[in-house]
Structure formats: C-alpha cells, structure tokens
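Peer 1: work04.cif is reproduced in full below (mmCIF, C-alpha atoms).
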data_final
loop_
_atom_site.group_PDB
_atom_site.id
_atom_site.type_symbol
_atom_site.label_atom_id
_atom_site.label_comp_id
_atom_site.auth_asym_id
_atom_site.auth_seq_id
_atom_site.Cartn_x
_atom_site.Cartn_y
_atom_site.Cartn_z
ATOM 1 C CA MET A 1 -3.852 7.944 -1.326
ATOM 2 C CA PHE A 2 -0.950 6.263 -3.095
ATOM 3 C CA ALA A 3 2.458 5.298 -1.725
ATOM 4 C CA ASN A 4 5.209 4.019 -3.964
ATOM 5 C CA ASP A 5 8.844 3.015 -3.588
ATOM 6 C CA SER A 6 11.223 5.724 -4.709
ATOM 7 C CA PHE A 7 13.697 3.211 -6.146
ATOM 8 C CA GLY A 8 16.322 5.904 -5.461
ATOM 9 C CA HIS A 9 14.607 8.468 -7.681
ATOM 10 C CA TRP A 10 13.861 11.136 -5.095
ATOM 11 C CA ARG A 11 13.096 13.824 -7.659
ATOM 12 C CA HIS A 12 10.311 11.834 -9.285
ATOM 13 C CA GLY A 13 6.758 12.979 -8.926
ATOM 14 C CA LEU A 14 3.591 11.049 -9.494
ATOM 15 C CA GLU A 15 3.757 11.356 -13.271
ATOM 16 C CA GLU A 16 7.290 9.942 -13.484
ATOM 17 C CA VAL A 17 6.487 7.020 -11.194
ATOM 18 C CA VAL A 18 3.409 6.099 -13.230
ATOM 19 C CA ALA A 19 5.285 6.525 -16.527
ATOM 20 C CA SER A 20 8.123 4.243 -15.370
ATOM 21 C CA ALA A 21 5.627 1.507 -14.492
ATOM 22 C CA ARG A 22 3.866 1.616 -17.860
ATOM 23 C CA GLY A 23 6.550 -0.607 -19.426
ATOM 24 C CA ASP A 24 6.353 -3.275 -16.703
ATOM 25 C CA ARG A 25 4.430 -6.563 -16.643
ATOM 26 C CA GLY A 26 1.610 -4.979 -14.661
ATOM 27 C CA ALA A 27 0.916 -2.178 -17.139
ATOM 28 C CA ALA A 28 -2.672 -3.347 -17.741
ATOM 29 C CA VAL A 29 -3.422 -3.233 -14.026
ATOM 30 C CA LEU A 30 -1.735 0.155 -13.754
ATOM 31 C CA GLU A 31 -4.122 1.592 -16.320
ATOM 32 C CA LEU A 32 -7.052 0.468 -14.162
ATOM 33 C CA LEU A 33 -5.603 1.743 -10.886
ATOM 34 C CA ALA A 34 -3.490 4.745 -11.902
ATOM 35 C CA PRO A 35 -3.906 7.710 -9.581
ATOM 36 C CA GLY A 36 -5.980 10.611 -10.798
ATOM 37 C CA PRO A 37 -5.081 14.289 -10.635
ATOM 38 C CA ASP A 38 -6.807 14.746 -7.255
ATOM 39 C CA ASP A 39 -5.197 11.728 -5.573
ATOM 40 C CA ARG A 40 -2.528 12.186 -2.896
ATOM 41 C CA PHE A 41 0.848 10.505 -3.318
ATOM 42 C CA VAL A 42 3.945 9.863 -1.186
ATOM 43 C CA LEU A 43 7.292 8.346 -2.119
ATOM 44 C CA LYS A 44 8.603 5.870 0.421
ATOM 45 C CA SER A 45 12.120 4.707 1.100
ATOM 46 C CA ARG A 46 11.422 1.552 3.053
ATOM 47 C CA HIS A 47 8.738 -1.070 3.401
ATOM 48 C CA SER A 48 6.261 0.927 5.473
ATOM 49 C CA ALA A 49 4.432 3.785 3.763
ATOM 50 C CA PHE A 50 4.646 5.605 7.111
ATOM 51 C CA HIS A 51 8.438 5.428 7.499
ATOM 52 C CA GLY A 52 9.995 8.767 6.597
ATOM 53 C CA THR A 53 6.921 10.037 4.733
ATOM 54 C CA ALA A 54 4.162 12.552 5.352
ATOM 55 C CA LEU A 55 1.507 9.821 5.213
ATOM 56 C CA ALA A 56 0.331 10.211 8.824
ATOM 57 C CA THR A 57 0.011 13.976 8.408
ATOM 58 C CA VAL A 58 -1.891 13.646 5.130
ATOM 59 C CA LEU A 59 -4.274 11.069 6.610
ATOM 60 C CA ASP A 60 -4.897 13.380 9.581
ATOM 61 C CA GLU A 61 -5.578 16.321 7.268
ATOM 62 C CA LEU A 62 -7.993 14.213 5.226
ATOM 63 C CA GLY A 63 -9.801 13.119 8.383
ATOM 64 C CA ALA A 64 -9.230 9.456 7.567
ATOM 65 C CA ARG A 65 -10.770 7.149 10.131
ATOM 66 C CA ARG A 66 -9.725 3.816 8.626
ATOM 67 C CA LEU A 67 -6.950 2.691 6.318
ATOM 68 C CA VAL A 68 -7.694 0.041 3.685
ATOM 69 C CA LEU A 69 -4.484 -1.337 2.221
ATOM 70 C CA ALA A 70 -3.998 -2.842 -1.195
ATOM 71 C CA GLY A 71 -0.730 -3.539 -2.925
ATOM 72 C CA ILE A 72 2.016 -5.874 -3.919
ATOM 73 C CA ALA A 73 4.768 -7.334 -1.792
ATOM 74 C CA ALA A 74 2.211 -8.401 0.794
ATOM 75 C CA GLU A 75 4.902 -9.952 3.002
ATOM 76 C CA ALA A 76 6.961 -6.747 3.049
ATOM 77 C CA CYS A 77 5.380 -3.400 2.197
ATOM 78 C CA VAL A 78 1.753 -4.245 2.942
ATOM 79 C CA LEU A 79 2.624 -6.029 6.192
ATOM 80 C CA ALA A 80 4.953 -3.242 7.386
ATOM 81 C CA THR A 81 2.420 -0.531 6.547
ATOM 82 C CA ALA A 82 -0.415 -2.425 8.243
ATOM 83 C CA PHE A 83 1.547 -2.825 11.466
ATOM 84 C CA ALA A 84 2.731 0.798 11.346
ATOM 85 C CA ALA A 85 -0.892 1.953 11.049
ATOM 86 C CA HIS A 86 -1.932 -0.393 13.855
ATOM 87 C CA MET A 87 0.835 0.961 16.105
ATOM 88 C CA ARG A 88 -0.526 4.479 15.446
ATOM 89 C CA ASP A 89 -3.998 3.358 16.568
ATOM 90 C CA CYS A 90 -5.270 3.789 13.020
ATOM 91 C CA PRO A 91 -7.828 1.095 12.217
ATOM 92 C CA VAL A 92 -6.540 -0.827 9.216
ATOM 93 C CA TRP A 93 -8.018 -3.477 6.954
ATOM 94 C CA VAL A 94 -6.210 -5.538 4.341
ATOM 95 C CA PRO A 95 -8.624 -7.317 1.982
ATOM 96 C CA ARG A 96 -6.923 -10.549 0.937
ATOM 97 C CA ASP A 97 -8.077 -10.183 -2.680
ATOM 98 C CA CYS A 98 -6.341 -6.816 -2.944
ATOM 99 C CA VAL A 99 -2.747 -7.835 -2.185
ATOM 100 C CA GLY A 100 -0.209 -9.845 -4.102
ATOM 101 C CA ALA A 101 3.287 -11.262 -3.946
ATOM 102 C CA ILE A 102 5.710 -13.104 -6.178
ATOM 103 C CA HIS A 103 4.659 -16.393 -4.538
ATOM 104 C CA PRO A 104 0.990 -16.995 -3.604
ATOM 105 C CA ALA A 105 2.101 -18.753 -0.413
ATOM 106 C CA ARG A 106 3.515 -15.450 0.817
ATOM 107 C CA VAL A 107 0.125 -13.798 0.435
ATOM 108 C CA SER A 108 -1.524 -16.600 2.405
ATOM 109 C CA ALA A 109 1.069 -16.419 5.166
ATOM 110 C CA THR A 110 0.822 -12.635 5.397
ATOM 111 C CA VAL A 111 -2.969 -12.683 5.487
ATOM 112 C CA SER A 112 -2.811 -15.329 8.241
ATOM 113 C CA VAL A 113 -0.564 -13.099 10.349
ATOM 114 C CA LEU A 114 -2.688 -10.013 9.740
ATOM 115 C CA SER A 115 -5.901 -11.968 10.389
ATOM 116 C CA ALA A 116 -4.574 -13.050 13.775
ATOM 117 C CA TRP A 117 -4.299 -9.333 14.621
ATOM 118 C CA GLY A 118 -7.759 -8.599 13.206
ATOM 119 C CA LEU A 119 -6.245 -6.591 10.344
ATOM 120 C CA ALA A 120 -7.141 -8.730 7.317
ATOM 121 C CA THR A 121 -9.873 -10.874 5.890
ATOM 122 C CA ARG A 122 -9.667 -13.882 3.643
ATOM 123 C CA ARG A 123 -11.748 -12.254 0.885
ATOM 124 C CA ALA A 124 -12.534 -8.637 0.059
ATOM 125 C CA GLY A 125 -16.199 -9.088 0.985
ATOM 126 C CA ALA A 126 -15.613 -11.094 4.161
#
With the file now loaded, output its structure as structure tokens.
Peer 2:
Amino acid sequence: MFANDSFGHWRHGLEEVVASARGDRGAAVLELLAPGPDDRFVLKSRHSAFHGTALATVLDELGARRLVLAGIAAEACVLATAFAAHMRDCPVWVPRDCVGAIHPARVSATVSVLSAWGLATRRAGA
C-alpha cells in the first residue's frame, strides 16, 4: 500500500506520481521501491495518510492486521500516520531504519516519541 502527497495534482494517478519523482534526488531509491501494478495507492492532502483518504477502508478490505510504516518526513507524515493508525486501534510499527528526514536529528526525535508509545524500534530488526 502506497500513500503519496498530491502536491495539488488531484488528477494524477500512480503512474504520474512515480514519473514526477524519477527526476528527483531519490530516483535511485524510487527504482528499488516503486509500486508494482498490483499495489494499492492513495493520494493524500495532509500529513496523515488516513486524513481524507480511503486508506482505512482499503486496509479493512485487505484484512490488514498491522501497519508497518516506512517513508520520509518522519517528523511529519510518518508521525501523523502512525498516530492516526494508533487512534484507530490499528497496531502500527515504524522501523527506525525505514524512515528519513532532512535532518537526522528529526528522525531520532520522532523515533523516540514513537518508541515511548510502543510504535517504533531503534532498528528494523529490533
């Protein structure tokens, strides 16, 4: 399941979002993680992937029992989505090695907050 900011492009589908990211600094990572044709995808307008999207419905339909979050903007999007899942009684886990931010200190601070709630670990295998 993928969630991505709309950046005001509400008519974009998965292909357009992926294509627009191919010219960015993270293009090499994108090629490793790009969604496949069977992956689900939602556009989000705010920090949380739950806010104003069909994410909760899709997760219910898939029978998801636990949400594992990975992404950038750990202190914003990842944090907001983790707390939104937690508030919906959806078990959530944020592996520290799978989130990023512009400043490494923000990742550490976010992981500390999420760890205090039992929602994150210091390393992916921990």
Peer 1: Run the PyMOL selection byres ((chain A and resi 83) around 12) on the file and write out the hits as a PyMOL selection string.
Peer 2: chain A and resi 47-51+67+69+75-82+84-94+110+113-115+117-120
Peer 1: For the atom pair atom CA of A:Phe41 and atom CA of A:Phe2, what is the interatomic distance in Å to one decimal place?
Peer 2: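 Computing it gives 4.6 Å between the two atoms.
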Peer 1: Residues within 12 Å of A:Lys44, please, as a list of chain:residue names. Count all atoms listed in the file; anything in the same chain fewer than 6 positions from it doesn't count.
Peer 2: A:Phe2, A:Ala3, A:Asn4, A:Asp5, A:Ser6, A:Phe7, A:Gly8, A:His9, A:Trp10, A:His12, A:Gly13, A:Val17, A:Phe50, A:His51, A:Gly52, A:Thr53, A:Ala54, A:Leu55, A:Cys77, A:Thr81
Peer 1: Quick one: pull the distance between atom CA of A:Ala101 and atom CA of A:Ala74, Å, one decimal.
Peer 2: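 One can read the atom CA of A:Ala101 to atom CA of A:Ala74 distance as 5.6 Å.
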Peer 1: Quick one: distance from atom CA of A:Ile102 to atom CA of A:Glu15 in Å, one decimal?
Peer 2: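 For atom CA of A:Ile102 relative to atom CA of A:Glu15, the distance reads 25.5 Å.
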Peer 1: Within 12 Å of A:Glu31, counting only C-alpha atoms, which residues show up once you throw out same-chain ones fewer than 6 positions away? Write them as a VMD selection string, please.
Peer 2: chain A and resid 18 to 19 21 to 25
Peer 1: Which is closer to A:Thr121 than all the others in A:Gly100, A:Gly71, A:Ser108, A:Pro95, using all atoms listed in the file?
Peer 2: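 For A:Thr121, the nearest of the candidates is A:Pro95.
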Peer 1: Could you check the closest approach to A:Arg40 for each of A:Met1, A:Val58, A:Ala64, A:Ala70 and tell me which residue wins, using only C-alpha atoms?
Peer 2: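 Comparing A:Met1, A:Val58, A:Ala64, A:Ala70 against A:Arg40, the winner is A:Met1.
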